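S.K.: One structure coming up, written as structure tokens, with questions to follow.
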Amino acid sequence: MKFLTLILSILVSSSSYAGSASDWLKVNNPGGYFPQEGEYVSFPNLCNENTCFNLVAVSYVTETNKGMRRLAVFSGSGEYLGVYSGFQEMPVKVVGTSLVFPVSEYGYVINFSGSQPPATAYIDGENIELESKP
């Protein structure tokens, strides 16, 4: 019974953190990148042997009708680390230590295997850079 309680508490804490990361982005809007209105998708607890990351992808349309997609990166303890911008498709899932985007022969994975998020990633033929927190 204790094991079941532990699993449930982990699941509840993960889902509440995911919501608070999205809420934090909307309230603090670092770099002006995270509007109130948009589709927010959380990928919490992406862990490797060194650390964990919590990721929040957001998709929205600007006032000039331009579609935007961004990926906010948080440490496992909830510290905002930065944002990736410029990818064409939203990520679809986590596999191991990688965030997976729709398959492209020109790159479709960001691997979070280090103690820090990667400085650059190659997604669908584009190099996207992590913009560190302001």
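By order in the structure tokens, chains are A, B, ...; within a chain, residues start at 1; ligands start at 1, following the order shown.
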Determine which residues of stretch 6-113 of chain A DSSP labels as helix (DSSP H, G or I) from the backbone of this structure, then write them out as a VMD selection string.
M.R.: chain A and resid 6 to 28 30 to 32
S.K.: Mind writing the picked residues with N, CA and C atoms as a PDB file, in the first residue's frame?
M.R.:
```
ATOM      1  N   LEU A   6       3.120   6.096  -2.757  1.00  0.00           N
ATOM      2  CA  LEU A   6       4.285   6.796  -3.287  1.00  0.00           C
ATOM      3  C   LEU A   6       4.114   7.092  -4.772  1.00  0.00           C
ATOM      4  N   ILE A   7       3.677   6.107  -5.537  1.00  0.00           N
ATOM      5  CA  ILE A   7       3.473   6.305  -6.972  1.00  0.00           C
ATOM      6  C   ILE A   7       2.417   7.375  -7.223  1.00  0.00           C
ATOM      7  N   LEU A   8       1.318   7.325  -6.512  1.00  0.00           N
ATOM      8  CA  LEU A   8       0.269   8.337  -6.684  1.00  0.00           C
ATOM      9  C   LEU A   8       0.766   9.721  -6.329  1.00  0.00           C
ATOM     10  N   SER A   9       1.553   9.849  -5.276  1.00  0.00           N
ATOM     11  CA  SER A   9       2.056  11.173  -4.893  1.00  0.00           C
ATOM     12  C   SER A   9       3.009  11.717  -5.944  1.00  0.00           C
ATOM     13  N   ILE A  10       3.817  10.853  -6.558  1.00  0.00           N
ATOM     14  CA  ILE A  10       4.712  11.286  -7.628  1.00  0.00           C
ATOM     15  C   ILE A  10       3.907  11.762  -8.830  1.00  0.00           C
ATOM     16  N   LEU A  11       2.885  11.003  -9.193  1.00  0.00           N
ATOM     17  CA  LEU A  11       2.050  11.403 -10.326  1.00  0.00           C
ATOM     18  C   LEU A  11       1.345  12.723 -10.066  1.00  0.00           C
ATOM     19  N   VAL A  12       0.801  12.903  -8.890  1.00  0.00           N
ATOM     20  CA  VAL A  12       0.101  14.149  -8.558  1.00  0.00           C
ATOM     21  C   VAL A  12       1.076  15.310  -8.531  1.00  0.00           C
ATOM     22  N   SER A  13       2.254  15.141  -7.937  1.00  0.00           N
ATOM     23  CA  SER A  13       3.215  16.232  -7.889  1.00  0.00           C
ATOM     24  C   SER A  13       3.707  16.596  -9.284  1.00  0.00           C
ATOM     25  N   SER A  14       3.873  15.607 -10.166  1.00  0.00           N
ATOM     26  CA  SER A  14       4.308  15.887 -11.531  1.00  0.00           C
ATOM     27  C   SER A  14       3.258  16.673 -12.290  1.00  0.00           C
ATOM     28  N   SER A  15       2.008  16.289 -12.154  1.00  0.00           N
ATOM     29  CA  SER A  15       0.969  16.991 -12.903  1.00  0.00           C
ATOM     30  C   SER A  15       0.761  18.394 -12.351  1.00  0.00           C
ATOM     31  N   SER A  16       0.872  18.584 -11.040  1.00  0.00           N
ATOM     32  CA  SER A  16       0.697  19.928 -10.501  1.00  0.00           C
ATOM     33  C   SER A  16       1.875  20.813 -10.881  1.00  0.00           C
ATOM     34  N   TYR A  17       3.096  20.254 -10.948  1.00  0.00           N
ATOM     35  CA  TYR A  17       4.256  21.025 -11.372  1.00  0.00           C
ATOM     36  C   TYR A  17       4.088  21.464 -12.819  1.00  0.00           C
ATOM     37  N   ALA A  18       3.625  20.542 -13.672  1.00  0.00           N
ATOM     38  CA  ALA A  18       3.461  20.859 -15.086  1.00  0.00           C
ATOM     39  C   ALA A  18       2.531  22.050 -15.257  1.00  0.00           C
ATOM     40  N   GLY A  19       1.439  22.063 -14.506  1.00  0.00           N
ATOM     41  CA  GLY A  19       0.521  23.194 -14.571  1.00  0.00           C
ATOM     42  C   GLY A  19       1.167  24.464 -14.077  1.00  0.00           C
ATOM     43  N   SER A  20       1.945  24.382 -13.009  1.00  0.00           N
ATOM     44  CA  SER A  20       2.551  25.577 -12.468  1.00  0.00           C
ATOM     45  C   SER A  20       3.645  26.117 -13.377  1.00  0.00           C
ATOM     46  N   ALA A  21       4.342  25.244 -14.122  1.00  0.00           N
ATOM     47  CA  ALA A  21       5.341  25.718 -15.074  1.00  0.00           C
ATOM     48  C   ALA A  21       4.664  26.533 -16.176  1.00  0.00           C
ATOM     49  N   SER A  22       3.549  26.033 -16.697  1.00  0.00           N
ATOM     50  CA  SER A  22       2.803  26.788 -17.709  1.00  0.00           C
ATOM     51  C   SER A  22       2.285  28.103 -17.133  1.00  0.00           C
ATOM     52  N   ASP A  23       1.744  28.044 -15.927  1.00  0.00           N
ATOM     53  CA  ASP A  23       1.249  29.261 -15.281  1.00  0.00           C
ATOM     54  C   ASP A  23       2.382  30.248 -15.046  1.00  0.00           C
ATOM     55  N   TRP A  24       3.541  29.737 -14.598  1.00  0.00           N
ATOM     56  CA  TRP A  24       4.693  30.599 -14.372  1.00  0.00           C
ATOM     57  C   TRP A  24       5.083  31.314 -15.664  1.00  0.00           C
ATOM     58  N   LEU A  25       5.090  30.591 -16.780  1.00  0.00           N
ATOM     59  CA  LEU A  25       5.434  31.191 -18.071  1.00  0.00           C
ATOM     60  C   LEU A  25       4.453  32.305 -18.442  1.00  0.00           C
ATOM     61  N   LYS A  26       3.164  32.054 -18.230  1.00  0.00           N
ATOM     62  CA  LYS A  26       2.150  33.047 -18.586  1.00  0.00           C
ATOM     63  C   LYS A  26       2.272  34.302 -17.723  1.00  0.00           C
ATOM     64  N   VAL A  27       2.549  34.130 -16.439  1.00  0.00           N
ATOM     65  CA  VAL A  27       2.648  35.269 -15.517  1.00  0.00           C
ATOM     66  C   VAL A  27       3.942  36.047 -15.740  1.00  0.00           C
ATOM     67  N   ASN A  28       5.070  35.342 -15.851  1.00  0.00           N
ATOM     68  CA  ASN A  28       6.374  35.999 -15.953  1.00  0.00           C
ATOM     69  C   ASN A  28       6.768  36.342 -17.384  1.00  0.00           C
ATOM     70  N   PRO A  30       8.889  35.351 -19.778  1.00  0.00           N
ATOM     71  CA  PRO A  30      10.284  35.696 -20.052  1.00  0.00           C
ATOM     72  C   PRO A  30      10.542  35.941 -21.531  1.00  0.00           C
ATOM     73  N   GLY A  31      11.195  37.047 -21.823  1.00  0.00           N
ATOM     74  CA  GLY A  31      11.511  37.414 -23.198  1.00  0.00           C
ATOM     75  C   GLY A  31      10.302  37.804 -24.019  1.00  0.00           C
ATOM     76  N   GLY A  32       9.114  37.876 -23.402  1.00  0.00           N
ATOM     77  CA  GLY A  32       7.897  38.192 -24.137  1.00  0.00           C
ATOM     78  C   GLY A  32       7.431  37.057 -25.026  1.00  0.00           C
TER      79      GLY A  32
END
```
S.K.: Skipping near chain neighbours, those fewer than 2 positions away, what residues fall within 12 Å of stretch 61-69 of chain A using only C-alpha atoms, listed as a list in words?
M.R.: Gly32, Tyr33, Phe34, Pro35, Gln36, Glu37, Gly38, Glu39, Tyr40, Val41, Val56, Ala57, Val58, Ser59, Leu71, Ala72, Val83, Tyr84, Ser85, Gly86, Phe87, Gln88, Glu89, Met90, Pro91 and Ile128 of chain A
S.K.: Those residues with N, CA, C and O atoms, as a tab-separated table (two decimals), in the first residue's frame please?
M.R.:
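Full text of selection_6.tsv as output:
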```tsv
chain	number	residue	atom	x	y	z
A	32	GLY	N	9.11	37.88	-23.40
A	32	GLY	CA	7.90	38.19	-24.14
A	32	GLY	C	7.43	37.06	-25.03
A	32	GLY	O	6.68	37.26	-25.97
A	33	TYR	N	7.86	35.83	-24.73
A	33	TYR	CA	7.62	34.68	-25.59
A	33	TYR	C	6.41	33.84	-25.24
A	33	TYR	O	6.08	32.91	-25.97
A	34	PHE	N	5.75	34.09	-24.12
A	34	PHE	CA	4.73	33.17	-23.65
A	34	PHE	C	3.42	33.90	-23.34
A	34	PHE	O	3.22	34.39	-22.24
A	35	PRO	N	2.52	33.95	-24.33
A	35	PRO	CA	1.26	34.67	-24.16
A	35	PRO	C	0.27	33.92	-23.27
A	35	PRO	O	0.43	32.72	-23.01
A	36	GLN	N	-0.74	34.63	-22.83
A	36	GLN	CA	-1.81	34.01	-22.05
A	36	GLN	C	-2.57	32.98	-22.87
A	36	GLN	O	-2.93	31.92	-22.38
A	37	GLU	N	-2.81	33.30	-24.14
A	37	GLU	CA	-3.55	32.41	-25.02
A	37	GLU	C	-2.57	31.61	-25.87
A	37	GLU	O	-1.68	32.17	-26.48
A	38	GLY	N	-2.75	30.33	-25.90
A	38	GLY	CA	-1.89	29.46	-26.70
A	38	GLY	C	-2.07	28.04	-26.22
A	38	GLY	O	-2.72	27.77	-25.21
A	39	GLU	N	-1.50	27.11	-26.96
A	39	GLU	CA	-1.56	25.71	-26.58
A	39	GLU	C	-0.27	25.37	-25.81
A	39	GLU	O	0.83	25.47	-26.34
A	40	TYR	N	-0.42	25.02	-24.54
A	40	TYR	CA	0.70	24.66	-23.68
A	40	TYR	C	0.70	23.15	-23.46
A	40	TYR	O	-0.31	22.60	-23.03
A	41	VAL	N	1.82	22.49	-23.77
A	41	VAL	CA	1.94	21.04	-23.60
A	41	VAL	C	3.16	20.78	-22.73
A	41	VAL	O	4.27	21.22	-23.05
A	56	VAL	N	8.14	22.59	-21.36
A	56	VAL	CA	6.80	23.06	-21.72
A	56	VAL	C	6.88	23.63	-23.13
A	56	VAL	O	7.61	24.59	-23.38
A	57	ALA	N	6.14	23.01	-24.05
A	57	ALA	CA	6.06	23.51	-25.43
A	57	ALA	C	4.83	24.39	-25.54
A	57	ALA	O	3.78	24.09	-24.97
A	58	VAL	N	4.96	25.47	-26.28
A	58	VAL	CA	3.82	26.37	-26.49
A	58	VAL	C	3.72	26.69	-27.98
A	58	VAL	O	4.73	26.86	-28.66
A	59	SER	N	2.50	26.72	-28.45
A	59	SER	CA	2.20	27.08	-29.84
A	59	SER	C	1.14	28.17	-29.80
A	59	SER	O	0.15	28.05	-29.09
A	71	LEU	N	9.88	26.18	-26.85
A	71	LEU	CA	10.05	25.14	-25.87
A	71	LEU	C	10.79	25.71	-24.67
A	71	LEU	O	11.97	26.07	-24.78
A	72	ALA	N	10.10	25.85	-23.54
A	72	ALA	CA	10.71	26.34	-22.31
A	72	ALA	C	11.34	25.16	-21.57
A	72	ALA	O	10.77	24.07	-21.52
A	83	VAL	N	14.90	28.94	-23.36
A	83	VAL	CA	13.88	28.62	-24.35
A	83	VAL	C	14.51	28.34	-25.71
A	83	VAL	O	15.50	28.98	-26.09
A	84	TYR	N	13.96	27.36	-26.41
A	84	TYR	CA	14.29	27.10	-27.81
A	84	TYR	C	13.15	27.69	-28.64
A	84	TYR	O	11.98	27.55	-28.30
A	85	SER	N	13.49	28.32	-29.76
A	85	SER	CA	12.48	28.88	-30.66
A	85	SER	C	12.84	28.53	-32.09
A	85	SER	O	14.00	28.31	-32.42
A	86	GLY	N	11.83	28.51	-32.96
A	86	GLY	CA	12.08	28.39	-34.38
A	86	GLY	C	11.80	27.05	-35.01
A	86	GLY	O	12.07	26.86	-36.19
A	87	PHE	N	11.26	26.10	-34.28
A	87	PHE	CA	10.94	24.82	-34.90
A	87	PHE	C	9.56	24.87	-35.53
A	87	PHE	O	8.69	25.63	-35.12
A	88	GLN	N	9.36	24.05	-36.57
A	88	GLN	CA	8.13	24.10	-37.37
A	88	GLN	C	6.98	23.28	-36.78
A	88	GLN	O	5.82	23.61	-36.97
A	89	GLU	N	7.30	22.19	-36.11
A	89	GLU	CA	6.28	21.29	-35.56
A	89	GLU	C	6.44	21.20	-34.05
A	89	GLU	O	7.54	21.33	-33.53
A	90	MET	N	5.35	20.92	-33.37
A	90	MET	CA	5.40	20.71	-31.93
A	90	MET	C	6.00	19.34	-31.63
A	90	MET	O	5.81	18.39	-32.39
A	91	PRO	N	6.72	19.22	-30.50
A	91	PRO	CA	7.23	17.90	-30.11
A	91	PRO	C	6.07	16.96	-29.81
A	91	PRO	O	4.97	17.41	-29.44
A	128	ILE	N	18.60	25.11	-33.89
A	128	ILE	CA	17.91	25.99	-32.95
A	128	ILE	C	18.78	26.10	-31.70
A	128	ILE	O	19.42	25.14	-31.28
```
S.K.: Ranking A:Gly76, A:Asn29, A:Leu81, A:Gly96 by minimum distance to A:Pro118 and counting only C-alpha atoms, which one comes first?
M.R.: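 Between A:Gly76, A:Asn29, A:Leu81, A:Gly96, the residue approaching A:Pro118 most closely is A:Leu81.
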S.K.: Could you give me, as a ChimeraX atom specification, each residue of stretch 19-106 of chain A that DSSP assigns to strand (DSSP E) when run on this structure's backbone?
M.R.: /A:39-47,52-61,67-75,80-85,93-95,98-100
S.K.: Convert the current residue selection to file output with N, CA, C and O atoms, as a short mmCIF file (atom, residue, chain, number, x, y, z; two decimals), in the first residue's frame.
M.R.:
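Output (again.cif):
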```cif
data_model
loop_
_atom_site.label_atom_id
_atom_site.label_comp_id
_atom_site.auth_asym_id
_atom_site.auth_seq_id
_atom_site.Cartn_x
_atom_site.Cartn_y
_atom_site.Cartn_z
N GLU A 39 -1.50 27.11 -26.96
CA GLU A 39 -1.56 25.71 -26.58
C GLU A 39 -0.27 25.37 -25.81
O GLU A 39 0.83 25.47 -26.34
N TYR A 40 -0.42 25.02 -24.54
CA TYR A 40 0.70 24.66 -23.68
C TYR A 40 0.70 23.15 -23.46
O TYR A 40 -0.31 22.60 -23.03
N VAL A 41 1.82 22.49 -23.77
CA VAL A 41 1.94 21.04 -23.60
C VAL A 41 3.16 20.78 -22.73
O VAL A 41 4.27 21.22 -23.05
N SER A 42 2.96 20.06 -21.63
CA SER A 42 4.05 19.79 -20.69
C SER A 42 4.65 18.41 -20.90
O SER A 42 3.95 17.45 -21.18
N PHE A 43 5.97 18.35 -20.73
CA PHE A 43 6.74 17.11 -20.77
C PHE A 43 7.59 17.08 -19.49
O PHE A 43 8.78 17.39 -19.52
N PRO A 44 6.97 16.75 -18.35
CA PRO A 44 7.71 16.80 -17.08
C PRO A 44 8.58 15.56 -16.87
O PRO A 44 8.35 14.51 -17.46
N ASN A 45 9.56 15.75 -16.01
CA ASN A 45 10.40 14.65 -15.53
C ASN A 45 11.15 13.90 -16.62
O ASN A 45 11.19 12.68 -16.63
N LEU A 46 11.78 14.61 -17.52
CA LEU A 46 12.68 14.00 -18.48
C LEU A 46 14.03 13.91 -17.75
O LEU A 46 14.68 14.92 -17.55
N CYS A 47 14.39 12.71 -17.32
CA CYS A 47 15.55 12.54 -16.44
C CYS A 47 16.65 11.73 -17.10
O CYS A 47 16.38 10.82 -17.88
N CYS A 52 17.24 16.09 -13.88
CA CYS A 52 15.94 16.04 -14.56
C CYS A 52 15.63 17.40 -15.16
O CYS A 52 16.09 18.44 -14.67
N PHE A 53 14.85 17.39 -16.21
CA PHE A 53 14.36 18.60 -16.84
C PHE A 53 12.85 18.50 -16.97
O PHE A 53 12.30 17.41 -17.11
N ASN A 54 12.19 19.65 -16.91
CA ASN A 54 10.77 19.74 -17.17
C ASN A 54 10.62 20.68 -18.35
O ASN A 54 11.18 21.79 -18.35
N LEU A 55 9.90 20.25 -19.37
CA LEU A 55 9.78 21.00 -20.62
C LEU A 55 8.33 21.39 -20.84
O LEU A 55 7.42 20.61 -20.56
N VAL A 56 8.14 22.59 -21.36
CA VAL A 56 6.80 23.06 -21.72
C VAL A 56 6.88 23.63 -23.13
O VAL A 56 7.61 24.59 -23.38
N ALA A 57 6.14 23.01 -24.05
CA ALA A 57 6.06 23.51 -25.43
C ALA A 57 4.83 24.39 -25.54
O ALA A 57 3.78 24.09 -24.97
N VAL A 58 4.96 25.47 -26.28
CA VAL A 58 3.82 26.37 -26.49
C VAL A 58 3.72 26.69 -27.98
O VAL A 58 4.73 26.86 -28.66
N SER A 59 2.50 26.72 -28.45
CA SER A 59 2.20 27.08 -29.84
C SER A 59 1.14 28.17 -29.80
O SER A 59 0.15 28.05 -29.09
N TYR A 60 1.36 29.24 -30.56
CA TYR A 60 0.39 30.33 -30.59
C TYR A 60 0.51 31.11 -31.89
O TYR A 60 1.46 30.92 -32.64
N VAL A 61 -0.46 31.95 -32.14
CA VAL A 61 -0.47 32.80 -33.32
C VAL A 61 -0.31 34.25 -32.87
O VAL A 61 -1.01 34.70 -31.96
N GLY A 67 2.49 31.96 -37.00
CA GLY A 67 2.51 30.85 -36.05
C GLY A 67 3.86 30.76 -35.35
O GLY A 67 4.89 30.82 -36.00
N MET A 68 3.84 30.62 -34.03
CA MET A 68 5.07 30.53 -33.24
C MET A 68 5.05 29.26 -32.41
O MET A 68 4.00 28.87 -31.90
N ARG A 69 6.21 28.65 -32.26
CA ARG A 69 6.38 27.48 -31.39
C ARG A 69 7.65 27.68 -30.59
O ARG A 69 8.68 28.05 -31.14
N ARG A 70 7.53 27.43 -29.29
CA ARG A 70 8.67 27.59 -28.40
C ARG A 70 8.70 26.44 -27.41
O ARG A 70 7.68 25.81 -27.14
N LEU A 71 9.88 26.18 -26.85
CA LEU A 71 10.05 25.14 -25.87
C LEU A 71 10.79 25.71 -24.67
O LEU A 71 11.97 26.07 -24.78
N ALA A 72 10.10 25.85 -23.54
CA ALA A 72 10.71 26.34 -22.31
C ALA A 72 11.34 25.16 -21.57
O ALA A 72 10.77 24.07 -21.52
N VAL A 73 12.51 25.40 -21.00
CA VAL A 73 13.24 24.36 -20.27
C VAL A 73 13.39 24.80 -18.82
O VAL A 73 13.86 25.90 -18.54
N PHE A 74 12.98 23.91 -17.91
CA PHE A 74 13.12 24.12 -16.47
C PHE A 74 13.99 23.02 -15.89
O PHE A 74 13.99 21.90 -16.38
N SER A 75 14.70 23.34 -14.82
CA SER A 75 15.42 22.30 -14.09
C SER A 75 14.41 21.45 -13.35
O SER A 75 13.24 21.82 -13.21
N TYR A 80 13.75 28.20 -14.20
CA TYR A 80 13.68 28.44 -15.64
C TYR A 80 15.09 28.54 -16.19
O TYR A 80 15.89 29.36 -15.74
N LEU A 81 15.43 27.70 -17.19
CA LEU A 81 16.77 27.67 -17.75
C LEU A 81 16.89 28.37 -19.10
O LEU A 81 17.97 28.81 -19.48
N GLY A 82 15.80 28.42 -19.85
CA GLY A 82 15.85 29.06 -21.16
C GLY A 82 14.79 28.54 -22.10
O GLY A 82 13.89 27.80 -21.69
N VAL A 83 14.90 28.94 -23.36
CA VAL A 83 13.88 28.62 -24.35
C VAL A 83 14.51 28.34 -25.71
O VAL A 83 15.50 28.98 -26.09
N TYR A 84 13.96 27.36 -26.41
CA TYR A 84 14.29 27.10 -27.81
C TYR A 84 13.15 27.69 -28.64
O TYR A 84 11.98 27.55 -28.30
N SER A 85 13.49 28.32 -29.76
CA SER A 85 12.48 28.88 -30.66
C SER A 85 12.84 28.53 -32.09
O SER A 85 14.00 28.31 -32.42
N LYS A 93 6.61 13.51 -28.13
CA LYS A 93 6.76 12.60 -26.99
C LYS A 93 8.18 12.64 -26.46
O LYS A 93 9.09 13.20 -27.08
N VAL A 94 8.36 12.00 -25.31
CA VAL A 94 9.67 11.80 -24.71
C VAL A 94 10.02 10.33 -24.84
O VAL A 94 9.18 9.46 -24.57
N VAL A 95 11.24 10.05 -25.28
CA VAL A 95 11.75 8.68 -25.34
C VAL A 95 13.11 8.70 -24.64
O VAL A 95 14.05 9.33 -25.13
N SER A 98 15.35 11.91 -24.52
CA SER A 98 15.17 12.73 -25.72
C SER A 98 13.73 13.20 -25.88
O SER A 98 12.78 12.46 -25.63
N LEU A 99 13.60 14.44 -26.34
CA LEU A 99 12.31 14.98 -26.75
C LEU A 99 12.22 14.77 -28.25
O LEU A 99 13.11 15.19 -29.00
N VAL A 100 11.15 14.12 -28.68
CA VAL A 100 11.02 13.72 -30.08
C VAL A 100 9.98 14.60 -30.79
O VAL A 100 8.87 14.79 -30.30
#
```
S.K.: Interatomic distance between atom CA of A:Asn50 and atom CA of A:Ser115?
M.R.: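 Interatomic distance here is 5.6 Å.
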S.K.: Using only C-alpha atoms, can you tell me which of A:Glu131, A:Glu79, A:Glu49, A:Glu126 comes closest to A:Glu105?
M.R.: A:Glu126
S.K.: Could you jot down the atom CA of A:Val103 to atom CA of A:Asn127 separation for me, Å, one decimal place?
M.R.: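 Calculated distance between atom CA of A:Val103 and atom CA of A:Asn127 is 15.7 Å.
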